[in-house]
$ cat model_17.cif   # mmCIF, C-alpha atoms
data_structure
loop_
_atom_site.label_atom_id
_atom_site.label_comp_id
_atom_site.auth_asym_id
_atom_site.auth_seq_id
_atom_site.Cartn_x
_atom_site.Cartn_y
_atom_site.Cartn_z
CA MET Y 35 -79.49 -199.18 -26.67
CA LYS Y 36 -76.41 -200.45 -28.47
CA ALA Y 37 -74.26 -199.06 -25.65
CA LEU Y 38 -76.38 -200.82 -23.02
CA HIS Y 39 -76.23 -204.11 -24.95
CA LEU Y 40 -72.45 -203.76 -25.38
CA LEU Y 41 -72.00 -202.94 -21.67
CA THR Y 42 -74.12 -205.95 -20.65
CA THR Y 43 -72.15 -208.25 -22.96
CA VAL Y 44 -68.79 -207.02 -21.64
CA ALA Y 45 -69.95 -207.38 -18.02
CA ALA Y 46 -71.20 -210.91 -18.63
CA ALA Y 47 -67.95 -211.89 -20.36
CA ALA Y 48 -65.91 -210.49 -17.48
CA LEU Y 49 -68.04 -212.37 -14.95
CA LEU Y 50 -67.67 -215.65 -16.85
CA ALA Y 51 -63.93 -215.18 -17.17
CA ALA Y 52 -63.61 -214.59 -13.44
CA CYS Y 53 -65.64 -217.68 -12.63
CA SER Y 54 -63.74 -219.93 -15.00
CA THR Y 55 -60.28 -219.04 -13.69
CA ALA Y 56 -58.99 -222.14 -11.95
CA SER Y 57 -57.80 -221.46 -8.44
CA LYS Y 58 -54.26 -222.52 -7.76
CA PRO Y 59 -53.82 -225.20 -5.09
CA ALA Y 60 -52.20 -223.98 -1.92
CA ALA Y 61 -48.46 -224.46 -1.91
CA ALA Y 62 -47.18 -227.08 0.49
CA PRO Y 63 -45.52 -225.60 3.56
CA ALA Y 64 -41.73 -225.57 3.63
CA LYS Y 65 -40.16 -228.68 5.12
CA ALA Y 66 -37.43 -228.60 7.76
CA ALA Y 67 -34.48 -230.99 7.65
CA PRO Y 68 -35.05 -234.37 9.35
CA ALA Y 69 -33.73 -234.84 12.88
CA THR Y 70 -32.65 -237.84 14.94
CA VAL Y 71 -31.99 -238.72 18.54
CA ALA Y 72 -29.97 -241.55 20.06
CA LEU Y 73 -31.32 -242.43 23.51
CA LYS Y 74 -28.80 -243.53 26.10
CA PRO Y 75 -29.40 -244.96 29.58
CA THR Y 76 -29.29 -242.83 32.72
CA SER Y 77 -28.01 -243.93 36.11
CA VAL Y 78 -31.46 -245.24 37.10
CA PRO Y 79 -31.29 -249.03 37.67
CA ILE Y 80 -32.79 -251.14 34.89
CA ALA Y 81 -36.42 -252.13 35.27
CA PRO Y 82 -37.39 -255.55 36.68
CA GLY Y 83 -37.62 -257.98 33.78
CA ALA Y 84 -35.56 -255.79 31.44
CA LYS Y 85 -32.47 -257.45 30.02
CA GLN Y 86 -30.51 -254.27 29.27
CA PRO Y 87 -30.51 -250.55 30.02
CA VAL Y 88 -32.99 -248.41 28.08
CA GLN Y 89 -31.69 -247.20 24.73
CA GLY Y 90 -33.03 -246.43 21.30
CA LYS Y 91 -33.11 -244.32 18.17
CA LEU Y 92 -35.79 -242.02 16.85
CA ARG Y 93 -36.22 -240.12 13.61
CA PHE Y 94 -38.29 -236.96 13.18
CA VAL Y 95 -39.35 -236.05 9.63
CA ASP Y 96 -41.20 -232.86 8.68
CA THR Y 97 -43.70 -233.74 5.92
CA GLY Y 98 -44.70 -230.11 5.48
CA TYR Y 99 -47.96 -230.63 7.37
CA VAL Y 100 -47.00 -232.84 10.32
CA VAL Y 101 -43.87 -234.29 11.89
CA GLN Y 102 -43.62 -238.05 11.54
CA VAL Y 103 -41.80 -239.80 14.39
CA THR Y 104 -40.47 -243.33 13.98
CA GLY Y 105 -38.00 -245.54 15.79
CA GLU Y 106 -37.50 -248.10 18.50
CA VAL Y 107 -36.75 -248.04 22.22
CA SER Y 108 -35.47 -251.18 23.99
CA GLY Y 109 -34.64 -252.18 27.57
CA LEU Y 110 -38.08 -251.17 28.86
CA LYS Y 111 -40.11 -253.04 31.46
CA PRO Y 112 -41.87 -255.73 29.38
CA GLY Y 113 -45.57 -255.13 28.74
CA ALA Y 114 -45.52 -251.72 30.45
CA LEU Y 115 -46.37 -248.16 29.46
CA HIS Y 116 -43.66 -245.50 29.77
CA GLY Y 117 -43.92 -241.71 29.73
CA PHE Y 118 -42.11 -240.19 26.75
CA HIS Y 119 -41.51 -236.45 26.33
CA VAL Y 120 -39.43 -233.74 24.71
CA HIS Y 121 -37.70 -231.76 27.47
CA GLU Y 122 -36.63 -228.13 27.38
CA HIS Y 123 -32.82 -228.45 27.38
CA GLY Y 124 -30.60 -230.46 25.08
CA ASP Y 125 -28.46 -231.59 27.99
CA CYS Y 126 -28.25 -235.18 29.21
CA SER Y 127 -25.06 -234.69 31.24
CA ALA Y 128 -26.54 -235.26 34.71
CA PRO Y 129 -26.50 -238.95 35.72
CA ASP Y 130 -30.29 -238.85 36.24
CA ALA Y 131 -30.88 -236.60 33.18
CA SER Y 132 -32.21 -233.79 35.39
CA SER Y 133 -30.05 -231.44 33.28
CA ALA Y 134 -32.67 -231.84 30.51
CA GLY Y 135 -35.06 -229.66 32.52
CA GLY Y 136 -38.83 -229.95 32.42
CA HIS Y 137 -41.18 -230.74 29.56
CA PHE Y 138 -40.77 -228.47 26.54
CA ASN Y 139 -43.70 -226.10 27.03
CA PRO Y 140 -43.07 -222.69 25.43
CA THR Y 141 -46.81 -221.93 25.20
CA GLY Y 142 -47.54 -222.46 28.91
CA ALA Y 143 -50.18 -225.13 28.20
CA PRO Y 144 -51.21 -227.66 30.86
CA HIS Y 145 -49.74 -231.16 30.71
CA GLY Y 146 -51.97 -233.51 28.76
CA ALA Y 147 -52.17 -236.33 26.24
CA HIS Y 148 -50.54 -235.85 22.85
CA GLY Y 149 -53.15 -235.25 20.17
CA HIS Y 150 -56.00 -234.72 22.67
CA GLY Y 151 -56.81 -231.13 23.57
CA HIS Y 152 -54.35 -228.81 25.28
CA HIS Y 153 -50.97 -230.29 26.11
CA HIS Y 154 -47.29 -229.38 26.32
CA ILE Y 155 -45.59 -229.28 22.93
CA GLY Y 156 -43.23 -231.88 24.42
CA ASP Y 157 -45.98 -234.34 25.35
CA MET Y 158 -45.72 -237.43 23.13
CA PRO Y 159 -47.73 -240.68 23.06
CA GLN Y 160 -46.74 -243.18 25.71
CA LEU Y 161 -44.41 -246.01 24.80
CA LEU Y 162 -45.85 -249.52 25.10
CA ALA Y 163 -43.18 -252.15 25.54
CA ASP Y 164 -43.79 -255.61 24.11
CA ALA Y 165 -42.98 -258.87 25.93
CA LYS Y 166 -39.27 -258.35 25.15
CA GLY Y 167 -39.23 -254.77 26.49
CA VAL Y 168 -39.15 -253.15 23.04
CA ALA Y 169 -41.43 -250.30 21.96
CA LYS Y 170 -41.90 -249.52 18.28
CA VAL Y 171 -42.50 -245.80 17.75
CA SER Y 172 -44.63 -244.55 14.88
CA PHE Y 173 -46.89 -241.51 15.09
CA THR Y 174 -47.50 -238.12 13.52
CA SER Y 175 -47.68 -234.83 15.37
CA HIS Y 176 -49.18 -231.46 14.60
CA SER Y 177 -47.54 -229.92 17.69
CA LEU Y 178 -43.90 -230.99 17.22
CA LYS Y 179 -41.90 -228.64 14.96
CA LEU Y 180 -38.40 -229.01 13.50
CA ALA Y 181 -37.95 -225.30 12.72
CA GLY Y 182 -39.12 -221.95 14.03
CA ALA Y 183 -39.71 -220.53 17.48
CA HIS Y 184 -41.07 -223.80 18.90
CA SER Y 185 -38.57 -226.16 17.28
CA ILE Y 186 -37.65 -229.30 19.20
CA VAL Y 187 -34.23 -229.51 17.52
CA GLY Y 188 -31.57 -229.11 20.18
CA LYS Y 189 -33.98 -230.22 22.94
CA SER Y 190 -33.85 -233.63 24.60
CA VAL Y 191 -36.10 -236.68 24.53
CA ILE Y 192 -36.66 -238.40 27.86
CA VAL Y 193 -38.05 -241.90 28.44
CA HIS Y 194 -39.52 -242.36 31.91
CA ARG Y 195 -39.74 -245.52 34.00
CA ASP Y 196 -43.48 -245.26 34.68
CA PRO Y 197 -46.68 -244.55 32.72
CA ASP Y 198 -47.65 -240.96 32.07
CA ASP Y 199 -50.82 -239.60 33.70
CA PRO Y 200 -52.05 -236.88 31.30
CA LYS Y 201 -54.30 -235.40 34.01
CA ALA Y 202 -51.51 -235.00 36.60
CA GLN Y 203 -50.04 -231.50 36.70
CA PRO Y 204 -47.61 -230.17 35.95
CA THR Y 205 -45.79 -233.13 34.35
CA GLY Y 206 -47.65 -236.45 34.57
CA ASN Y 207 -45.82 -238.27 37.39
CA SER Y 208 -43.95 -240.56 35.00
CA GLY Y 209 -41.23 -241.39 37.49
CA PRO Y 210 -37.46 -241.37 37.05
CA ARG Y 211 -35.81 -240.67 33.71
CA VAL Y 212 -34.38 -243.93 32.36
CA ALA Y 213 -33.02 -242.68 29.02
CA CYS Y 214 -32.08 -239.34 27.47
CA GLY Y 215 -30.90 -238.12 24.08
CA VAL Y 216 -30.48 -234.76 22.33
CA ILE Y 217 -32.42 -234.14 19.09
CA GLN Y 218 -29.92 -233.38 16.30
CA ALA Y 219 -30.87 -231.78 12.97
CA GLY Y 220 -30.00 -233.12 9.55
CA GLN Y 221 -29.06 -236.66 10.42
#

$ encode --input "model_17.cif" --output "structure tokens"
Amino acid sequence: MKALHLLTTVAAAALLAACSTASKPAAAPAKAAPATVALKPTSVPIAPGAKQPVQGKLRFVDTGYVVQVTGEVSGLKPGALHGFHVHEHGDCSAPDASSAGGHFNPTGAPHGAHGHGHHHIGDMPQLLADAKGVAKVSFTSHSLKLAGAHSIVGKSVIVHRDPDDPKAQPTGNSGPRVACGVIQAGQ
């Protein structure tokens, strides 16, 4: 009887000790170095109502959970939407930026709207230009990565003349490329 009582007491103590052990919070994922891109105009004529060629600067910051994208693009058609994507090659050497290739899509997903169902990794929210042709950029992304197999570092960002149609395949019919820049790490 003493052995049974002792065994029950030890088992209960072990159970209580296991339950009272505080679980450690999950460690935050590793963060990649920030990245930037300077957008420069292509050979496409400036949009009606725009006062200058399209240009801008963007910053990509890995928070450990999402990539935060901020910046500004100017020289856009005032009051208009513009397609805005990461493209597969970090090459803006062609006058029309065709050297940047197609949308960055290493997973083979259909074109779509950023943050809504299946979409290319390179699909980003459309730019909305204000009355002066300037678009402020500020969004977070679960699909953009700054490190690893699907990193956007070394790829290009393209601004298109026209709005993006997320249902149009394979790329959204956003029209000519009006600005291009290569995403550079650590800047």

$ closest_atom_pairs --input "model_17.cif" --of "segment 74-109 of chain Y" --to "segment 169-191 of chain Y" --cutoff "7 Å" --atoms "only C-alpha atoms" --output "JSON lines"
{"residue": "Y:Asp96", "atom": "CA", "partner": "Y:Leu180", "partner_atom": "CA", "distance": 6.8}
{"residue": "Y:Val100", "atom": "CA", "partner": "Y:His176", "partner_atom": "CA", "distance": 5.0}
{"residue": "Y:Val101", "atom": "CA", "partner": "Y:Ser175", "partner_atom": "CA", "distance": 5.2}
{"residue": "Y:Gln102", "atom": "CA", "partner": "Y:Thr174", "partner_atom": "CA", "distance": 4.4}
{"residue": "Y:Val103", "atom": "CA", "partner": "Y:Phe173", "partner_atom": "CA", "distance": 5.4}
{"residue": "Y:Thr104", "atom": "CA", "partner": "Y:Ser172", "partner_atom": "CA", "distance": 4.4}
{"residue": "Y:Gly105", "atom": "CA", "partner": "Y:Val171", "partner_atom": "CA", "distance": 4.9}
{"residue": "Y:Glu106", "atom": "CA", "partner": "Y:Lys170", "partner_atom": "CA", "distance": 4.6}
{"residue": "Y:Val107", "atom": "CA", "partner": "Y:Ala169", "partner_atom": "CA", "distance": 5.2}
{"residue": "Y:Ser108", "atom": "CA", "partner": "Y:Ala169", "partner_atom": "CA", "distance": 6.4}

$ resolve_selection --input "model_17.cif" --expression "the PyMOL selection byres ((chain Y and resi 127) around 12)" --output "ChimeraX atom specification"
/Y:74-77,123-126,128-135,190,213-216

$ atom_distance --input "model_17.cif" --atom1 "atom CA of Ala163 of chain Y" --atom2 "atom CA of Val212 of chain Y"
13.8 Å

$ closest_residue --input "model_17.cif" --among "Y:Leu73, Y:Ile217, Y:Met158, Y:Val78" --to "Phe118 of chain Y" --atoms "all atoms listed in the file"
Y:Met158

$ atom_distance --input "model_17.cif" --atom1 "atom CA of Ile192 of chain Y" --atom2 "atom CA of Ala114 of chain Y"
16.2 Å

$ atom_distance --input "model_17.cif" --atom1 "atom CA of Lys111 of chain Y" --atom2 "atom CA of His137 of chain Y"
22.4 Å

$ closest_residue --input "model_17.cif" --among "Y:Gly136, Y:Arg211, Y:Arg93, Y:Gly142" --to "Val193 of chain Y" --atoms "all atoms listed in the file"
Y:Arg211

$ closest_residue --input "model_17.cif" --among "Y:Pro140, Y:Gly167, Y:Gly113, Y:Pro68" --to "Pro87 of chain Y" --atoms "all atoms listed in the file"
Y:Gly167

$ residues_near_point --input "model_17.cif" --point "(-25.8, -234.6, 12.7)" --cutoff "9 Å" --atoms "all atoms listed in the file" --output "list in words"
Ala69, Thr70, Gln218, Ala219, Gly220 and Gln221 of chain Y

$ closest_residue --input "model_17.cif" --among "Y:Gly98, Y:Gly90, Y:Gly117, Y:Pro210" --to "Val168 of chain Y" --atoms "only C-alpha atoms"
Y:Gly90

$ closest_residue --input "model_17.cif" --among "Y:Leu110, Y:Leu162, Y:Leu115, Y:Val120" --to "Pro79 of chain Y" --atoms "all atoms listed in the file"
Y:Leu110
